[in-house]
Amino acid sequence: MGVETWVLLATVALLAWAYSKWRHSYWASKGVPSLPATPFLGHTMKSLFTSREPWKLQEETRDKFDDTRMCGFYEFFKPVLLVWDTEILKHVFVKDFDHFTDRRHFDMKTDYERDLVMMEMLSVINGPQWKSLRAIMSPAFTSGKIKSMFDLVCNKADILVDISMKQATQNPHVDMKKNFGRFTIDTIASCAFGIESNSLLDENAEFPKKAQVFFELPPLRMIKFLAIGLVPSLFKTFRLSINPPEVDFFADVVKHTVAAREAGETRGDFLDLLLEARDNSDNPNGKHVLSQRSLVAQSVLFIIAGYETTATLLDFASFLLAKHKDQQQRLRDEMRQLVKEHGCITYQGIMEAKLLEACLQETLRLYPPIATTERYCTKAYKLPGTDLTIMPGEILQMPIWSLHHDPRHWPDPESFIPDRFLPENRGNINSFAHMPFGMGPRNCLAMRFALMEAKVALAKLLLEAELSLAPGHEEVTLDAQGGLIRSKGLNIKLKKIVEE
Ligand code: HEM
């Protein structure tokens, strides 16, 4: 190579480096602190590298930039702001929600049906389309609907307890993580679609195996996710698909179930609600939002969303109660009192049980299944109490994990203290420091259903068995693959309770 070529290459490299430096000076120019950014990549590698432990990055930035209560990041060149000021969060999530109705936009160009299905899910779509669809789907989780699902949930919880107790007679300890996962998938399949997925009864059932794939993020998929952000058209050009073939499995199950419903069967469940909205041309929210693909998308979303998060909650709750035997006994006493008053576990009894609610909320505080949520700015917005204006297209992230572990909001934050959530102490809680289900109009659609389901399972289990820690499972090892926080696997010892 001649000298001119070297000079040219060096000039191009220098200009590229200067460009990267300039793009990565965005937050500094706005007075927002930031961790040192890697040229071109920004903090992408750091958040990728720590994506298995997102809480560490959240806590590192909280401790470093506590004065400003926010910190800027770059995903390649895209500015992202992590905010842990609860006053600001109140505005972003609720008061000024009209500036932040969206989640991150994926402008992926694809021909793959399974990618198109995933792009139509309620959790992914944005703008007026999201608003209409949310209005259609919300009635699936009114108090009346949740109450009508109670018997189905009880039935699945009874099977969960039976199977677990049987396993306890054959093994020194039981893989409750696996059992809870099978319980939640059977429950959502039954409650939302009237499908018997038989995961608890059949060791080789397909549903849990296929659902599990969505929560694994092998390196190739991670790279594909990053590539979408950088060059969305890449996928169409090279005919790449980002989503696993398991989407097709669930889509087919839904299509078959829809066909049966179209032949006249009705159950008054979630699927009927969607079919009604699809077919009702008078419904202003219907037709244009709910195409056949969208209907399949929402159904697949329910199966995925209904599976892992609630199982994780039960997994951590049983671990914490096995570790804190005094709390376990208190809770069992509350359940026994409930049975004494109502004759059995009833919907009303479960919903009124104060310690049960407190134990689950404290579990969700210590181990939120989802560590971060985010909002996408659609209209320029000046953050209250600051001079900072967030521009359309910028992303705000909320560090659920570090808010839940912040000593300013939670005295003795690493201890399991359910009493924090008893009604008489609730007034001491800053509600924007506890958001396991997110907040505001775009919070978790099925929060009340998930809590009811977890309450029923835990109540039934505690009435039947004493939970203890299994050898080698005295501490929890966290795993954050696929964006969720889970345990790496927790076995529990179950000892049948014999009433005197
Ligand atoms: C313990 C269990 C669960 C936890 C901790 C949880 C947590 C969350 C969180 C943090 C969000 C984001 C909220 C936000 O950005 O403000 C969310 C959204 C969502 N969740 Fe859940 N979830 C749980 C169970 C479920 C279940 C059982 C279903 C469905 C059957 C479900 C369906 C959804 C849907 C559809 C959304 C998107 C809502 C939207 O964008 O409008 N979740 N969930």
# chains A, B, ... in the order shown; residues from 1 in each chain; ligands from 1
$ select_by_dssp --residues "segment 40-72 of chain A" --states "strand (DSSP E or B)" --output "PDB file with all heavy atoms, in the first residue's frame"
ATOM      1  N   GLY A  42     -20.785   2.391  22.320  1.00  0.00           N
ATOM      2  CA  GLY A  42     -21.419   3.038  23.473  1.00  0.00           C
ATOM      3  C   GLY A  42     -21.360   2.106  24.671  1.00  0.00           C
ATOM      4  O   GLY A  42     -20.302   1.575  24.998  1.00  0.00           O
ATOM      5  N   MET A  70     -30.154  10.133  37.785  1.00  0.00           N
ATOM      6  CA  MET A  70     -30.315   9.657  36.406  1.00  0.00           C
ATOM      7  C   MET A  70     -28.935   9.497  35.789  1.00  0.00           C
ATOM      8  O   MET A  70     -27.941  10.018  36.306  1.00  0.00           O
ATOM      9  CB  MET A  70     -31.164  10.606  35.571  1.00  0.00           C
ATOM     10  CG  MET A  70     -30.603  11.981  35.409  1.00  0.00           C
ATOM     11  SD  MET A  70     -31.708  13.015  34.443  1.00  0.00           S
ATOM     12  CE  MET A  70     -32.988  13.351  35.616  1.00  0.00           C
ATOM     13  N   CYS A  71     -28.896   8.753  34.696  1.00  0.00           N
ATOM     14  CA  CYS A  71     -27.606   8.498  34.066  1.00  0.00           C
ATOM     15  C   CYS A  71     -27.862   8.191  32.585  1.00  0.00           C
ATOM     16  O   CYS A  71     -28.840   7.503  32.260  1.00  0.00           O
ATOM     17  CB  CYS A  71     -26.995   7.311  34.816  1.00  0.00           C
ATOM     18  SG  CYS A  71     -25.746   6.442  33.934  1.00  0.00           S
ATOM     19  N   GLY A  72     -27.016   8.732  31.716  1.00  0.00           N
ATOM     20  CA  GLY A  72     -27.214   8.508  30.286  1.00  0.00           C
ATOM     21  C   GLY A  72     -26.443   7.289  29.799  1.00  0.00           C
ATOM     22  O   GLY A  72     -25.364   6.981  30.309  1.00  0.00           O
TER      23      GLY A  72
END
$ residues_near_ligand --ligand "ligand 1" --cutoff "7 Å" --atoms "only C-alpha atoms and all ligand atoms" --output "ChimeraX atom specification"
/A:122-124,134,188,301-303,305-307,309-310,313,368-370,373-374,436-440,442-447,449-451
$ closest_residue --among "A:Ser468, A:Gln327, A:Thr38, A:Thr346" --to "Phe77 of chain A" --atoms "only C-alpha atoms"
A:Thr38
$ select_by_dssp --residues "segment 392-445 of chain A" --states "helix (DSSP H, G or I)" --output "list in words"
Ile400, Trp401, Ser402, Leu403, His404, Pro418, Asp419, Arg420, Phe421, Arg426, Gly427, Asn428, Ser431, Phe432, Ala433, Gly440, Pro441 and Arg442 of chain A
$ write_last_selection --atoms "C-alpha atoms" --output "short mmCIF file (atom, residue, chain, number, x, y, z; two decimals), in the first residue's frame"
data_model
loop_
_atom_site.label_atom_id
_atom_site.label_comp_id
_atom_site.auth_asym_id
_atom_site.auth_seq_id
_atom_site.Cartn_x
_atom_site.Cartn_y
_atom_site.Cartn_z
CA ILE A 400 -37.15 -1.71 38.85
CA TRP A 401 -34.53 -3.84 40.59
CA SER A 402 -32.45 -1.00 42.06
CA LEU A 403 -35.55 0.96 43.13
CA HIS A 404 -36.69 -2.13 45.03
CA PRO A 418 -43.49 -8.92 54.65
CA ASP A 419 -44.91 -6.61 57.32
CA ARG A 420 -43.82 -3.64 55.21
CA PHE A 421 -46.82 -4.42 53.01
CA ARG A 426 -48.58 0.67 53.46
CA GLY A 427 -48.63 4.43 54.04
CA ASN A 428 -44.83 4.35 54.52
CA SER A 431 -45.45 3.47 45.42
CA PHE A 432 -43.05 4.49 42.65
CA ALA A 433 -40.27 2.65 44.44
CA GLY A 440 -49.73 3.69 34.94
CA PRO A 441 -51.94 3.03 31.91
CA ARG A 442 -49.32 0.76 30.31
#
$ closest_residue --among "A:Val254, A:Leu41, A:Lys95, A:Val456" --to "Phe183 of chain A" --atoms "only C-alpha atoms"
A:Val456
$ closest_residue --among "A:Val83, A:Pro244, A:Asn425, A:Ala189" --to "Glu216 of chain A" --atoms "only C-alpha atoms"
A:Pro244
$ residues_around --residues "Val258 of chain A" --least-positions-apart "3" --cutoff "9 Å" --atoms "only C-alpha atoms" --output "number ranges by chain"
A: 253-255, 261-263, 271-272, 275
$ atom_distance --atom1 "atom CA of Leu331 of chain A" --atom2 "atom CA of Leu355 of chain A"
6.3 Å
$ residues_around --residues "Asp102 of chain A" --least-positions-apart "2" --cutoff "7 Å" --atoms "only C-alpha atoms" --output "ChimeraX atom specification"
/A:100,104,126-127,375-376
$ residues_around --residues "Ala454 of chain A" --least-positions-apart "4" --cutoff "12 Å" --atoms "only C-alpha atoms" --output "ChimeraX atom specification"
/A:150,153-154,156-157,160,180-181,183-184,187,306-307,309-318,350-351,356-357,359-361,363-364,447-450,458-461
$ closest_residue --among "A:Leu494, A:Val92, A:Leu295, A:Leu467" --to "Leu383 of chain A" --atoms "only C-alpha atoms"
A:Val92
$ residues_around --residues "Tyr347 of chain A" --least-positions-apart "5" --cutoff "10 Å" --atoms "only C-alpha atoms" --output "ChimeraX atom specification"
/A:146-151,154,342,352,452,455-456
$ write_last_selection --atoms "N, CA and C atoms" --output "PDB file, in the first residue's frame"
ATOM      1  N   ILE A 146     -61.917 -12.340  36.675  1.00  0.00           N
ATOM      2  CA  ILE A 146     -60.907 -13.045  37.472  1.00  0.00           C
ATOM      3  C   ILE A 146     -61.603 -14.001  38.442  1.00  0.00           C
ATOM      4  N   LYS A 147     -62.686 -13.531  39.015  1.00  0.00           N
ATOM      5  CA  LYS A 147     -63.437 -14.391  39.946  1.00  0.00           C
ATOM      6  C   LYS A 147     -63.950 -15.629  39.203  1.00  0.00           C
ATOM      7  N   SER A 148     -64.400 -15.421  37.961  1.00  0.00           N
ATOM      8  CA  SER A 148     -64.955 -16.570  37.221  1.00  0.00           C
ATOM      9  C   SER A 148     -63.860 -17.586  36.870  1.00  0.00           C
ATOM     10  N   MET A 149     -62.601 -17.188  36.947  1.00  0.00           N
ATOM     11  CA  MET A 149     -61.511 -18.125  36.633  1.00  0.00           C
ATOM     12  C   MET A 149     -61.023 -18.848  37.890  1.00  0.00           C
ATOM     13  N   PHE A 150     -61.540 -18.439  39.047  1.00  0.00           N
ATOM     14  CA  PHE A 150     -61.004 -18.932  40.316  1.00  0.00           C
ATOM     15  C   PHE A 150     -61.064 -20.467  40.430  1.00  0.00           C
ATOM     16  N   ASP A 151     -62.198 -21.059  40.057  1.00  0.00           N
ATOM     17  CA  ASP A 151     -62.332 -22.525  40.211  1.00  0.00           C
ATOM     18  C   ASP A 151     -61.340 -23.269  39.327  1.00  0.00           C
ATOM     19  N   CYS A 154     -58.034 -23.081  41.001  1.00  0.00           N
ATOM     20  CA  CYS A 154     -57.993 -23.999  42.157  1.00  0.00           C
ATOM     21  C   CYS A 154     -57.749 -25.427  41.686  1.00  0.00           C
ATOM     22  N   HIS A 342     -64.258 -19.725  56.151  1.00  0.00           N
ATOM     23  CA  HIS A 342     -64.996 -19.868  54.888  1.00  0.00           C
ATOM     24  C   HIS A 342     -65.281 -21.330  54.533  1.00  0.00           C
ATOM     25  N   GLU A 352     -58.851 -11.348  50.590  1.00  0.00           N
ATOM     26  CA  GLU A 352     -58.803 -10.536  51.818  1.00  0.00           C
ATOM     27  C   GLU A 352     -57.616 -10.892  52.723  1.00  0.00           C
ATOM     28  N   MET A 452     -53.738 -13.415  41.936  1.00  0.00           N
ATOM     29  CA  MET A 452     -54.737 -14.389  42.397  1.00  0.00           C
ATOM     30  C   MET A 452     -54.205 -15.808  42.202  1.00  0.00           C
ATOM     31  N   LYS A 455     -51.529 -16.605  44.707  1.00  0.00           N
ATOM     32  CA  LYS A 455     -52.088 -16.753  46.060  1.00  0.00           C
ATOM     33  C   LYS A 455     -52.717 -18.130  46.240  1.00  0.00           C
ATOM     34  N   VAL A 456     -53.486 -18.551  45.236  1.00  0.00           N
ATOM     35  CA  VAL A 456     -54.161 -19.852  45.349  1.00  0.00           C
ATOM     36  C   VAL A 456     -53.112 -20.960  45.485  1.00  0.00           C
TER      37      VAL A 456
END
$ closest_residue --among "A:Pro232, A:Pro399, A:Pro139, A:Pro128" --to "Thr61 of chain A" --atoms "only C-alpha atoms"
A:Pro399
$ residues_around --residues "Val231 of chain A" --least-positions-apart "3" --cutoff "10 Å" --atoms "only C-alpha atoms" --output "CSV table (one decimal) with N, CA and C atoms, in the first residue's frame"
chain,number,residue,atom,x,y,z
A,107,ASP,N,-38.4,-1.3,14.0
A,107,ASP,CA,-38.9,-1.1,12.6
A,107,ASP,C,-38.4,-2.2,11.8
A,108,MET,N,-38.6,-3.4,12.2
A,108,MET,CA,-38.0,-4.6,11.5
A,108,MET,C,-38.8,-4.8,10.2
A,109,LYS,N,-38.0,-5.0,9.2
A,109,LYS,CA,-38.7,-5.4,7.9
A,109,LYS,C,-38.5,-6.9,7.7
A,226,LEU,N,-29.6,-7.0,18.4
A,226,LEU,CA,-28.8,-5.8,18.3
A,226,LEU,C,-28.8,-5.3,16.8
A,227,ALA,N,-28.8,-6.3,15.9
A,227,ALA,CA,-28.7,-5.9,14.5
A,227,ALA,C,-30.0,-5.2,14.1
A,228,ILE,N,-31.1,-5.6,14.7
A,228,ILE,CA,-32.4,-5.0,14.3
A,228,ILE,C,-32.3,-3.5,14.6
A,234,LEU,N,-31.9,-5.2,7.2
A,234,LEU,CA,-31.0,-6.4,7.0
A,234,LEU,C,-31.8,-7.7,7.0
A,235,PHE,N,-32.9,-7.7,7.8
A,235,PHE,CA,-33.6,-8.9,7.9
A,235,PHE,C,-34.3,-9.3,6.6
$ closest_residue --among "A:Pro36, A:Gly343, A:Pro172, A:Pro54" --to "Met398 of chain A" --atoms "only C-alpha atoms"
A:Pro54
$ atom_distance --atom1 "atom CA of Pro471 of chain A" --atom2 "atom CA of Asn491 of chain A"
8.6 Å
